[in-house]
Amino acid sequence: MEIYVVQQGDSIYTIAERFSIPADKLAYDNGLAYPYNLVIGQALVIAYPKQSHIVQEGDSLQSIAEAYSVSQMQILRNNSFISDRGYLVPGEALVISYNTSRSITVNGFTYPYIKGETLIKALPNLTYLTVFNYSITEEGEIIEYYDDTEVVNTAKEYSVIPILMVTTLSSQGQPNIEIAYDVLLNIEYQNRSINQFTDIMKQKGYQGLNIVFNYLNKNNQSLYLDFAQRISERLQQEGLLLFITINYSTEENNNSISVEEIDYLTLSMYVKGLIFLKFVWGTNFGPPSPVSNINNIRAIINYTTSTAPADKIIIGKPVLGYDWQLPYVPDRSYVASMSIDSAFELAYQTGAIIQLDEDSQTPYFYYNQIYFGAPVQHIVWFIDARSINALINVLQEYSLNGSGIWNIMIYYPQLWTAINSKFDTVKLI
């Protein structure tokens with residue numbers, strides 16, 4: 001895999017010719033709905049198949065998979081356009097495999113109301129599907145927001161393990177530290193919540209639990225460790241998996257990054273995997289900043305793997321952008337969340353040039369919007385192929401278990417092209 005940054009005068013055809021790949025593959029691999037609307041500074045993934053197949057009359061997904069001794073899921077993973085239409089076209093080229101380095105697990109986060117067509121395109125890329133649909137109340141009661149029956153059943157059809165996600169956050173991601181401590185300090189509430197989400201998992205067909213630790217720190221870690229041990233013992237009795245997602249924090253002082261001293265070794269003993277992920281939501285109250293900072297990620301992974309086994313560590317990738325109105329005024333400035341595709345479209349429409357913050361490995365651009373006859377400057381921070389590649393490099397360098405994607409509600413082809421050209425995705429069912 002290579003990454004190419006669009007320059008003045010480039011077109012989809014000149015770039016394709018430069019790398020000797022078909023223009024339609026380049027466009028599809030990068031999710032270019034309008035391939036003529038390239039933006040200066042836009043990063044494109046250039047992926048070279050190791051093995052390809054030209055569809056013949058009478059071919060089927062099953063017959064092609066058998067001919068190359070691969071799974072049908074692998075073909076769907078490398079050719080997601082098949083899921084869009086459900087049939088093969090004679091003469092079209094399919095990617096059978098890439099020159100991958102090793103296998104990893106991939107855990108995709110979703111809400112239960114994800115569009116069906118988006119879900120079936122994403123599932124071939126996943127080992128686990130974590131469904132965000134349940135919250136714990138102050139007395140350990142579990143609240144369910146939406147019907148998740150269909151998403152759980154569909155995941156299993158694509159050999160993906162459905163995981164129930166529990167958090168003290170609201171469905172919109174609003175934090176509630178009081179509820180977290182109410183549960184952590186009361187064993188009766190803990191047992192109530194453990195009984196309830198265990199019953200829900202068995203009733204709904206979930207095969208594991210992903211519980212989010214939002215407020216874990218050095219001072220309260222003994223409470224979290226006791227809670228994790230209690231959950232782990234119960235789930236092991238039921239034959240269910242346990243993941244813990246840690247919404248980690250770092251601090252930067254004198255050009256160095258400090259990480260909270262947490263006993264991740266003990267925590268790792270209770271779980272199938274520890275997922276380190278900075279959640280990003282539709283609302284954002286902080287100042288304009290990179291959506292994902294590779295230096296912070298390296299710091300937390302370096303600290304974690306110094307004690308806990310790397311094969312228990314999963315690194316999270318946020319997939320989102322933010323549009324900030326400038327100048328930033330705390331509690332007053334307007335910020336809008338957006339998809340990655342929307343960020344590129346906005347950059348094209350406003351004639352912006354995408355720049356890269358080398359330190360964090362995240363892209364951004366400025367544009368002006370007219371309000372009441374006067375220009376108002378905006379800055380948009382998002383992620384692109386370079387951000388994804390930086391995370392992939394950390395995953396490779398530390399031999400981590402895999403990756404977590406927050407979230408898969410919108411299918412982002414460039415993300416999956418980058419991952420699939422580097423790794424094979426493990427399927428455990």
# chains A, B, ... in the order shown; residues from 1 in each chain; ligands from 1
call {"tool": "residues_around", "arguments": {"residues": "segment 379-387 of chain A", "least_positions_apart": "3", "cutoff": "8 Å", "atoms": "only C-alpha atoms", "output": "mmCIF file with N, CA and C atoms, in the first residue's frame"}}
result
data_model
loop_
_atom_site.group_PDB
_atom_site.id
_atom_site.type_symbol
_atom_site.label_atom_id
_atom_site.label_comp_id
_atom_site.auth_asym_id
_atom_site.auth_seq_id
_atom_site.Cartn_x
_atom_site.Cartn_y
_atom_site.Cartn_z
ATOM 1 N N ILE A 3 0.520 5.772 -0.176
ATOM 2 C CA ILE A 3 -0.373 6.922 -0.010
ATOM 3 C C ILE A 3 0.118 8.034 -0.920
ATOM 4 N N ALA A 43 -5.447 12.903 0.542
ATOM 5 C CA ALA A 43 -4.631 11.687 0.559
ATOM 6 C C ALA A 43 -5.419 10.524 -0.010
ATOM 7 N N LEU A 44 -4.798 9.785 -0.919
ATOM 8 C CA LEU A 44 -5.421 8.621 -1.545
ATOM 9 C C LEU A 44 -4.625 7.368 -1.238
ATOM 10 N N VAL A 45 -5.331 6.264 -1.001
ATOM 11 C CA VAL A 45 -4.696 4.966 -0.796
ATOM 12 C C VAL A 45 -4.486 4.303 -2.150
ATOM 13 N N PRO A 288 -10.651 23.729 19.054
ATOM 14 C CA PRO A 288 -10.278 22.999 17.834
ATOM 15 C C PRO A 288 -8.966 22.256 18.033
ATOM 16 N N SER A 289 -8.961 20.982 17.663
ATOM 17 C CA SER A 289 -7.771 20.147 17.861
ATOM 18 C C SER A 289 -7.880 18.911 16.987
ATOM 19 N N PRO A 290 -6.786 18.191 16.781
ATOM 20 C CA PRO A 290 -6.835 16.971 15.972
ATOM 21 C C PRO A 290 -7.831 15.957 16.522
ATOM 22 N N VAL A 291 -8.548 15.300 15.631
ATOM 23 C CA VAL A 291 -9.489 14.259 16.024
ATOM 24 C C VAL A 291 -8.750 13.072 16.625
ATOM 25 N N SER A 292 -7.581 12.769 16.096
ATOM 26 C CA SER A 292 -6.774 11.644 16.565
ATOM 27 C C SER A 292 -5.307 12.067 16.560
ATOM 28 N N ILE A 294 -1.543 10.821 16.981
ATOM 29 C CA ILE A 294 -0.751 9.601 17.005
ATOM 30 C C ILE A 294 0.264 9.599 18.142
ATOM 31 N N VAL A 319 -13.625 7.687 13.540
ATOM 32 C CA VAL A 319 -13.882 8.063 12.147
ATOM 33 C C VAL A 319 -14.914 9.185 12.146
ATOM 34 N N LEU A 320 -14.406 10.429 12.158
ATOM 35 C CA LEU A 320 -15.290 11.586 12.284
ATOM 36 C C LEU A 320 -14.500 12.852 11.994
ATOM 37 N N GLY A 321 -15.210 13.921 11.699
ATOM 38 C CA GLY A 321 -14.576 15.223 11.537
ATOM 39 C C GLY A 321 -15.362 16.290 12.278
ATOM 40 N N TYR A 322 -14.709 17.422 12.563
ATOM 41 C CA TYR A 322 -15.367 18.547 13.228
ATOM 42 C C TYR A 322 -15.094 19.841 12.471
ATOM 43 N N ASP A 323 -16.117 20.640 12.357
ATOM 44 C CA ASP A 323 -16.055 21.938 11.694
ATOM 45 C C ASP A 323 -16.234 23.010 12.762
ATOM 46 N N TRP A 324 -15.148 23.757 13.049
ATOM 47 C CA TRP A 324 -15.158 24.768 14.107
ATOM 48 C C TRP A 324 -15.253 26.172 13.508
ATOM 49 N N GLN A 325 -16.097 26.974 14.103
ATOM 50 C CA GLN A 325 -16.131 28.393 13.751
ATOM 51 C C GLN A 325 -15.079 29.138 14.564
ATOM 52 N N LEU A 326 -14.321 30.014 13.916
ATOM 53 C CA LEU A 326 -13.252 30.767 14.561
ATOM 54 C C LEU A 326 -13.622 32.247 14.670
ATOM 55 N N ILE A 340 -16.368 11.863 7.089
ATOM 56 C CA ILE A 340 -15.138 12.124 6.343
ATOM 57 C C ILE A 340 -15.468 12.553 4.915
ATOM 58 N N ALA A 343 -16.411 16.124 4.828
ATOM 59 C CA ALA A 343 -15.256 17.016 4.959
ATOM 60 C C ALA A 343 -14.593 17.236 3.610
ATOM 61 N N GLN A 361 -0.391 13.753 12.777
ATOM 62 C CA GLN A 361 -0.731 12.989 11.563
ATOM 63 C C GLN A 361 -2.227 13.047 11.273
ATOM 64 N N THR A 362 -2.782 14.259 11.405
ATOM 65 C CA THR A 362 -4.179 14.472 11.059
ATOM 66 C C THR A 362 -4.317 15.671 10.126
ATOM 67 N N PRO A 363 -5.252 15.584 9.164
ATOM 68 C CA PRO A 363 -5.445 16.671 8.203
ATOM 69 C C PRO A 363 -6.404 17.737 8.731
ATOM 70 N N TYR A 364 -6.299 18.908 8.137
ATOM 71 C CA TYR A 364 -7.207 20.014 8.475
ATOM 72 C C TYR A 364 -7.231 20.982 7.300
ATOM 73 N N PHE A 365 -8.230 21.846 7.278
ATOM 74 C CA PHE A 365 -8.259 22.923 6.288
ATOM 75 C C PHE A 365 -9.089 24.078 6.820
ATOM 76 N N TYR A 366 -8.818 25.249 6.273
ATOM 77 C CA TYR A 366 -9.561 26.466 6.595
ATOM 78 C C TYR A 366 -10.481 26.820 5.437
ATOM 79 N N TYR A 367 -11.612 27.424 5.771
ATOM 80 C CA TYR A 367 -12.470 27.999 4.729
ATOM 81 C C TYR A 367 -13.258 29.152 5.338
ATOM 82 N N ALA A 390 -0.878 5.850 10.132
ATOM 83 C CA ALA A 390 -0.106 6.039 11.360
ATOM 84 C C ALA A 390 -0.561 5.065 12.441
ATOM 85 N N LEU A 391 -1.880 4.836 12.547
ATOM 86 C CA LEU A 391 -2.409 3.879 13.507
ATOM 87 C C LEU A 391 -2.025 2.453 13.124
ATOM 88 N N GLN A 414 -11.958 4.026 2.192
ATOM 89 C CA GLN A 414 -10.521 4.222 2.326
ATOM 90 C C GLN A 414 -9.979 3.560 3.590
ATOM 91 N N LEU A 415 -10.741 3.608 4.664
ATOM 92 C CA LEU A 415 -10.351 2.946 5.913
ATOM 93 C C LEU A 415 -10.168 1.452 5.699
ATOM 94 N N ALA A 418 -7.221 0.448 3.397
ATOM 95 C CA ALA A 418 -5.936 0.533 4.094
ATOM 96 C C ALA A 418 -5.724 -0.670 5.016
#
call {"tool": "residues_around", "arguments": {"residues": "Pro124 of chain A", "least_positions_apart": "5", "cutoff": "10 Å", "atoms": "only C-alpha atoms", "output": "MDAnalysis selection string"}}
result
chainID A and resid 72:80 83 119 155 158:160 425 427
call {"tool": "write_last_selection", "arguments": {"atoms": "C-alpha atoms", "output": "short mmCIF file (atom, residue, chain, number, x, y, z; two decimals), in the first residue's frame"}}
result
data_model
loop_
_atom_site.label_atom_id
_atom_site.label_comp_id
_atom_site.auth_asym_id
_atom_site.auth_seq_id
_atom_site.Cartn_x
_atom_site.Cartn_y
_atom_site.Cartn_z
CA GLN A 72 -16.35 -15.99 0.61
CA MET A 73 -16.00 -13.42 3.39
CA GLN A 74 -12.49 -12.58 2.13
CA ILE A 75 -13.80 -11.91 -1.38
CA LEU A 76 -16.62 -9.74 -0.01
CA ARG A 77 -14.12 -7.92 2.21
CA ASN A 78 -11.85 -7.05 -0.71
CA ASN A 79 -14.71 -6.28 -3.12
CA SER A 80 -17.45 -4.59 -1.10
CA SER A 83 -22.69 -6.25 -1.46
CA LEU A 119 -23.98 -3.04 7.88
CA ALA A 155 -23.82 -10.13 12.36
CA TYR A 158 -21.56 -12.90 8.34
CA SER A 159 -19.55 -14.88 10.93
CA VAL A 160 -19.20 -11.84 13.20
CA THR A 425 -9.23 -10.19 9.37
CA LYS A 427 -13.20 -14.77 11.71
#
call {"tool": "residues_around", "arguments": {"residues": "segment 31-42 of chain A", "least_positions_apart": "5", "cutoff": "7 Å", "atoms": "only C-alpha atoms", "output": "JSON, numbers by chain"}}
result
{"A": [5, 6, 7, 8, 11, 12, 347, 348, 353, 354, 355, 412, 413, 414]}
call {"tool": "residues_around", "arguments": {"residues": "Glu178 of chain A", "least_positions_apart": "2", "cutoff": "12 Å", "atoms": "only C-alpha atoms", "output": "tab-separated table (two decimals) with N, CA and C atoms, in the first residue's frame"}}
result
chain	number	residue	atom	x	y	z
A	136	ILE	N	-26.21	1.82	32.13
A	136	ILE	CA	-26.45	1.46	33.53
A	136	ILE	C	-26.97	2.69	34.26
A	137	THR	N	-28.02	2.51	35.07
A	137	THR	CA	-28.56	3.60	35.87
A	137	THR	C	-27.84	3.63	37.23
A	138	GLU	N	-28.24	4.60	38.07
A	138	GLU	CA	-27.55	4.78	39.34
A	138	GLU	C	-27.73	3.61	40.29
A	139	GLU	N	-28.73	2.75	40.10
A	139	GLU	CA	-28.93	1.59	40.98
A	139	GLU	C	-28.59	0.28	40.28
A	168	THR	N	-22.05	3.93	31.26
A	168	THR	CA	-22.87	4.88	32.02
A	168	THR	C	-23.19	6.13	31.19
A	169	LEU	N	-22.69	6.18	29.97
A	169	LEU	CA	-22.99	7.29	29.08
A	169	LEU	C	-24.43	7.20	28.58
A	175	PRO	N	-21.67	12.19	29.52
A	175	PRO	CA	-21.08	11.48	30.66
A	175	PRO	C	-21.89	11.66	31.94
A	176	ASN	N	-21.77	10.69	32.85
A	176	ASN	CA	-22.42	10.79	34.15
A	176	ASN	C	-21.55	10.07	35.17
A	180	ALA	N	-21.50	6.24	37.58
A	180	ALA	CA	-20.35	5.34	37.59
A	180	ALA	C	-19.92	5.01	39.02
A	181	TYR	N	-19.83	6.02	39.87
A	181	TYR	CA	-19.40	5.77	41.25
A	181	TYR	C	-20.49	5.10	42.08
A	182	ASP	N	-21.77	5.41	41.78
A	182	ASP	CA	-22.85	4.71	42.48
A	182	ASP	C	-22.72	3.20	42.31
A	183	VAL	N	-22.40	2.77	41.10
A	183	VAL	CA	-22.27	1.35	40.81
A	183	VAL	C	-20.97	0.79	41.36
A	184	LEU	N	-19.87	1.52	41.17
A	184	LEU	CA	-18.57	1.03	41.61
A	184	LEU	C	-18.50	0.85	43.13
A	185	LEU	N	-19.26	1.65	43.88
A	185	LEU	CA	-19.19	1.63	45.34
A	185	LEU	C	-20.24	0.74	45.98
A	214	ASN	N	-14.94	4.91	31.57
A	214	ASN	CA	-14.72	6.30	31.17
A	214	ASN	C	-13.88	7.09	32.16
A	215	TYR	N	-13.90	6.70	33.43
A	215	TYR	CA	-13.28	7.54	34.46
A	215	TYR	C	-12.16	6.84	35.21
call {"tool": "closest_residue", "arguments": {"among": "A:Lys422, A:Arg230, A:Lys272, A:Lys115", "to": "Ile314 of chain A", "atoms": "only C-alpha atoms"}}
result
A:Lys272
call {"tool": "residues_around", "arguments": {"residues": "Pro162 of chain A", "least_positions_apart": "4", "cutoff": "6 Å", "atoms": "only C-alpha atoms", "output": "PyMOL selection string"}}
result
chain A and resi 128-129+152+206-207
call {"tool": "residues_around", "arguments": {"residues": "segment 54-57 of chain A", "least_positions_apart": "3", "cutoff": "10 Å", "atoms": "only C-alpha atoms", "output": "VMD selection string"}}
result
chain A and resid 60 to 61 64 88 to 95
call {"tool": "atom_distance", "arguments": {"atom1": "atom CA of Ile187 of chain A", "atom2": "atom CA of Leu223 of chain A"}}
result
10.4 Å
call {"tool": "closest_residue", "arguments": {"among": "A:Pro330, A:Thr350, A:Asp424, A:Leu265", "to": "Ile96 of chain A", "atoms": "only C-alpha atoms"}}
result
A:Asp424
call {"tool": "closest_residue", "arguments": {"among": "A:Asn133, A:Thr245, A:Asn253, A:Thr154", "to": "Glu117 of chain A", "atoms": "only C-alpha atoms"}}
result
A:Thr154
call {"tool": "closest_residue", "arguments": {"among": "A:Asn389, A:Thr307, A:Asn255, A:Thr149", "to": "Ile200 of chain A", "atoms": "only C-alpha atoms"}}
result
A:Thr149
call {"tool": "select_by_dssp", "arguments": {"residues": "segment 368-415 of chain A", "states": "strand (DSSP E)", "output": "list of chain:residue names"}}
result
A:Asn368, A:Gln369, A:Ile370, A:Tyr371, A:Ala374, A:Pro375, A:Val376, A:Gln377, A:His378, A:Ile379, A:Val380, A:Trp381, A:Gly402, A:Ser403, A:Gly404, A:Ile405, A:Trp406
call {"tool": "select_by_dssp", "arguments": {"residues": "segment 35-84 of chain A", "states": "alpha helix (DSSP H)", "output": "ChimeraX atom specification"}}
result
/A:61-68,72-78,81-84
call {"tool": "write_last_selection", "arguments": {"atoms": "N, CA and C atoms", "output": "PDB file, in the first residue's frame"}}
result
ATOM      1  N   LEU A  61     -19.831 -16.531  -6.274  1.00  0.00           N
ATOM      2  CA  LEU A  61     -18.952 -16.212  -5.147  1.00  0.00           C
ATOM      3  C   LEU A  61     -18.362 -17.487  -4.566  1.00  0.00           C
ATOM      4  N   GLN A  62     -19.183 -18.500  -4.443  1.00  0.00           N
ATOM      5  CA  GLN A  62     -18.719 -19.760  -3.878  1.00  0.00           C
ATOM      6  C   GLN A  62     -17.679 -20.441  -4.772  1.00  0.00           C
ATOM      7  N   SER A  63     -17.939 -20.469  -6.090  1.00  0.00           N
ATOM      8  CA  SER A  63     -17.012 -21.152  -6.994  1.00  0.00           C
ATOM      9  C   SER A  63     -15.659 -20.443  -7.048  1.00  0.00           C
ATOM     10  N   ILE A  64     -15.666 -19.110  -7.003  1.00  0.00           N
ATOM     11  CA  ILE A  64     -14.409 -18.360  -7.015  1.00  0.00           C
ATOM     12  C   ILE A  64     -13.639 -18.600  -5.717  1.00  0.00           C
ATOM     13  N   ALA A  65     -14.345 -18.587  -4.598  1.00  0.00           N
ATOM     14  CA  ALA A  65     -13.699 -18.832  -3.303  1.00  0.00           C
ATOM     15  C   ALA A  65     -13.057 -20.222  -3.276  1.00  0.00           C
ATOM     16  N   GLU A  66     -13.770 -21.214  -3.780  1.00  0.00           N
ATOM     17  CA  GLU A  66     -13.233 -22.568  -3.789  1.00  0.00           C
ATOM     18  C   GLU A  66     -12.031 -22.689  -4.724  1.00  0.00           C
ATOM     19  N   ALA A  67     -12.072 -21.971  -5.851  1.00  0.00           N
ATOM     20  CA  ALA A  67     -10.974 -22.047  -6.818  1.00  0.00           C
ATOM     21  C   ALA A  67      -9.664 -21.517  -6.239  1.00  0.00           C
ATOM     22  N   TYR A  68      -9.757 -20.527  -5.355  1.00  0.00           N
ATOM     23  CA  TYR A  68      -8.550 -19.912  -4.790  1.00  0.00           C
ATOM     24  C   TYR A  68      -8.316 -20.329  -3.335  1.00  0.00           C
ATOM     25  N   GLN A  72     -15.492 -16.964   1.290  1.00  0.00           N
ATOM     26  CA  GLN A  72     -16.349 -15.995   0.613  1.00  0.00           C
ATOM     27  C   GLN A  72     -16.283 -14.638   1.314  1.00  0.00           C
ATOM     28  N   MET A  73     -16.106 -14.672   2.645  1.00  0.00           N
ATOM     29  CA  MET A  73     -15.995 -13.418   3.390  1.00  0.00           C
ATOM     30  C   MET A  73     -14.785 -12.609   2.934  1.00  0.00           C
ATOM     31  N   GLN A  74     -13.683 -13.299   2.601  1.00  0.00           N
ATOM     32  CA  GLN A  74     -12.491 -12.582   2.129  1.00  0.00           C
ATOM     33  C   GLN A  74     -12.767 -11.880   0.808  1.00  0.00           C
ATOM     34  N   ILE A  75     -13.485 -12.546  -0.093  1.00  0.00           N
ATOM     35  CA  ILE A  75     -13.803 -11.913  -1.375  1.00  0.00           C
ATOM     36  C   ILE A  75     -14.730 -10.723  -1.173  1.00  0.00           C
ATOM     37  N   LEU A  76     -15.725 -10.863  -0.301  1.00  0.00           N
ATOM     38  CA  LEU A  76     -16.615  -9.738  -0.011  1.00  0.00           C
ATOM     39  C   LEU A  76     -15.859  -8.593   0.647  1.00  0.00           C
ATOM     40  N   ARG A  77     -14.911  -8.937   1.523  1.00  0.00           N
ATOM     41  CA  ARG A  77     -14.123  -7.925   2.213  1.00  0.00           C
ATOM     42  C   ARG A  77     -13.302  -7.100   1.227  1.00  0.00           C
ATOM     43  N   ASN A  78     -12.712  -7.752   0.238  1.00  0.00           N
ATOM     44  CA  ASN A  78     -11.850  -7.052  -0.712  1.00  0.00           C
ATOM     45  C   ASN A  78     -12.598  -6.462  -1.903  1.00  0.00           C
ATOM     46  N   PHE A  81     -18.194  -3.789  -3.303  1.00  0.00           N
ATOM     47  CA  PHE A  81     -19.221  -3.400  -4.270  1.00  0.00           C
ATOM     48  C   PHE A  81     -20.161  -4.561  -4.594  1.00  0.00           C
ATOM     49  N   ILE A  82     -19.718  -5.810  -4.355  1.00  0.00           N
ATOM     50  CA  ILE A  82     -20.601  -6.951  -4.566  1.00  0.00           C
ATOM     51  C   ILE A  82     -21.814  -6.858  -3.650  1.00  0.00           C
ATOM     52  N   SER A  83     -21.584  -6.381  -2.416  1.00  0.00           N
ATOM     53  CA  SER A  83     -22.686  -6.253  -1.463  1.00  0.00           C
ATOM     54  C   SER A  83     -23.697  -5.212  -1.911  1.00  0.00           C
ATOM     55  N   ASP A  84     -23.262  -4.217  -2.679  1.00  0.00           N
ATOM     56  CA  ASP A  84     -24.173  -3.174  -3.152  1.00  0.00           C
ATOM     57  C   ASP A  84     -25.228  -3.731  -4.100  1.00  0.00           C
TER      58      ASP A  84
END
call {"tool": "closest_residue", "arguments": {"among": "A:Asn407, A:Asn393, A:Gln349, A:Gln51", "to": "Thr110 of chain A", "atoms": "only C-alpha atoms"}}
result
A:Asn407
call {"tool": "residues_around", "arguments": {"residues": "Glu260 of chain A", "least_positions_apart": "6", "cutoff": "12 Å", "atoms": "only C-alpha atoms", "output": "number ranges by chain"}}
result
A: 215-221, 246-252, 296, 299-301, 303-304
call {"tool": "write_last_selection", "arguments": {"atoms": "C-alpha atoms", "output": "mmCIF file, in the first residue's frame"}}
result
data_model
loop_
_atom_site.group_PDB
_atom_site.id
_atom_site.type_symbol
_atom_site.label_atom_id
_atom_site.label_comp_id
_atom_site.auth_asym_id
_atom_site.auth_seq_id
_atom_site.Cartn_x
_atom_site.Cartn_y
_atom_site.Cartn_z
ATOM 1 C CA TYR A 215 -13.282 7.544 34.460
ATOM 2 C CA LEU A 216 -10.533 5.045 35.247
ATOM 3 C CA ASN A 217 -7.556 6.658 36.968
ATOM 4 C CA LYS A 218 -4.740 5.871 39.375
ATOM 5 C CA ASN A 219 -6.787 6.719 42.480
ATOM 6 C CA ASN A 220 -9.943 4.748 41.667
ATOM 7 C CA GLN A 221 -8.455 1.798 39.773
ATOM 8 C CA ILE A 246 -10.927 2.430 28.026
ATOM 9 C CA ASN A 247 -11.637 6.047 27.161
ATOM 10 C CA TYR A 248 -8.063 6.935 28.061
ATOM 11 C CA SER A 249 -6.527 10.310 28.882
ATOM 12 C CA THR A 250 -3.022 11.706 28.469
ATOM 13 C CA GLU A 251 -1.367 14.941 29.525
ATOM 14 C CA GLU A 252 1.293 16.949 27.753
ATOM 15 C CA ASN A 296 -0.921 10.311 22.435
ATOM 16 C CA ALA A 299 2.305 7.014 24.543
ATOM 17 C CA ILE A 300 -0.615 4.966 25.882
ATOM 18 C CA ILE A 301 0.297 1.861 23.844
ATOM 19 C CA TYR A 303 3.013 2.262 28.500
ATOM 20 C CA THR A 304 0.390 -0.475 28.278
#
call {"tool": "closest_residue", "arguments": {"among": "A:Ser337, A:Ser306, A:Gln196, A:Ser399", "to": "Tyr264 of chain A", "atoms": "only C-alpha atoms"}}
result
A:Ser306
call {"tool": "decode", "arguments": {"residues": "segment 332-344 of chain A", "atoms": "N, CA and C atoms", "output": "tab-separated table (two decimals), in the first residue's frame"}}
result
chain	number	residue	atom	x	y	z
A	332	ARG	N	-19.22	29.06	23.68
A	332	ARG	CA	-20.00	29.86	22.75
A	332	ARG	C	-19.78	29.48	21.30
A	333	SER	N	-18.58	29.03	20.98
A	333	SER	CA	-18.27	28.75	19.58
A	333	SER	C	-19.10	27.60	19.05
A	334	TYR	N	-19.49	27.72	17.78
A	334	TYR	CA	-20.29	26.70	17.12
A	334	TYR	C	-19.39	25.65	16.50
A	335	VAL	N	-19.73	24.37	16.71
A	335	VAL	CA	-18.98	23.28	16.09
A	335	VAL	C	-19.97	22.26	15.54
A	336	ALA	N	-19.70	21.78	14.34
A	336	ALA	CA	-20.55	20.78	13.71
A	336	ALA	C	-19.74	19.52	13.44
A	337	SER	N	-20.29	18.36	13.77
A	337	SER	CA	-19.63	17.10	13.42
A	337	SER	C	-19.98	16.76	11.98
A	338	MET	N	-19.11	15.99	11.34
A	338	MET	CA	-19.36	15.61	9.95
A	338	MET	C	-18.65	14.31	9.62
A	339	SER	N	-19.15	13.64	8.58
A	339	SER	CA	-18.49	12.44	8.10
A	339	SER	C	-17.23	12.83	7.34
A	340	ILE	N	-16.37	11.86	7.09
A	340	ILE	CA	-15.14	12.12	6.34
A	340	ILE	C	-15.47	12.55	4.92
A	341	ASP	N	-16.46	11.90	4.31
A	341	ASP	CA	-16.86	12.27	2.95
A	341	ASP	C	-17.36	13.71	2.91
A	342	SER	N	-18.10	14.11	3.94
A	342	SER	CA	-18.60	15.49	3.99
A	342	SER	C	-17.47	16.49	4.12
A	343	ALA	N	-16.41	16.12	4.83
A	343	ALA	CA	-15.26	17.02	4.96
A	343	ALA	C	-14.59	17.24	3.61
A	344	PHE	N	-14.40	16.17	2.84
A	344	PHE	CA	-13.80	16.31	1.51
A	344	PHE	C	-14.71	17.14	0.59
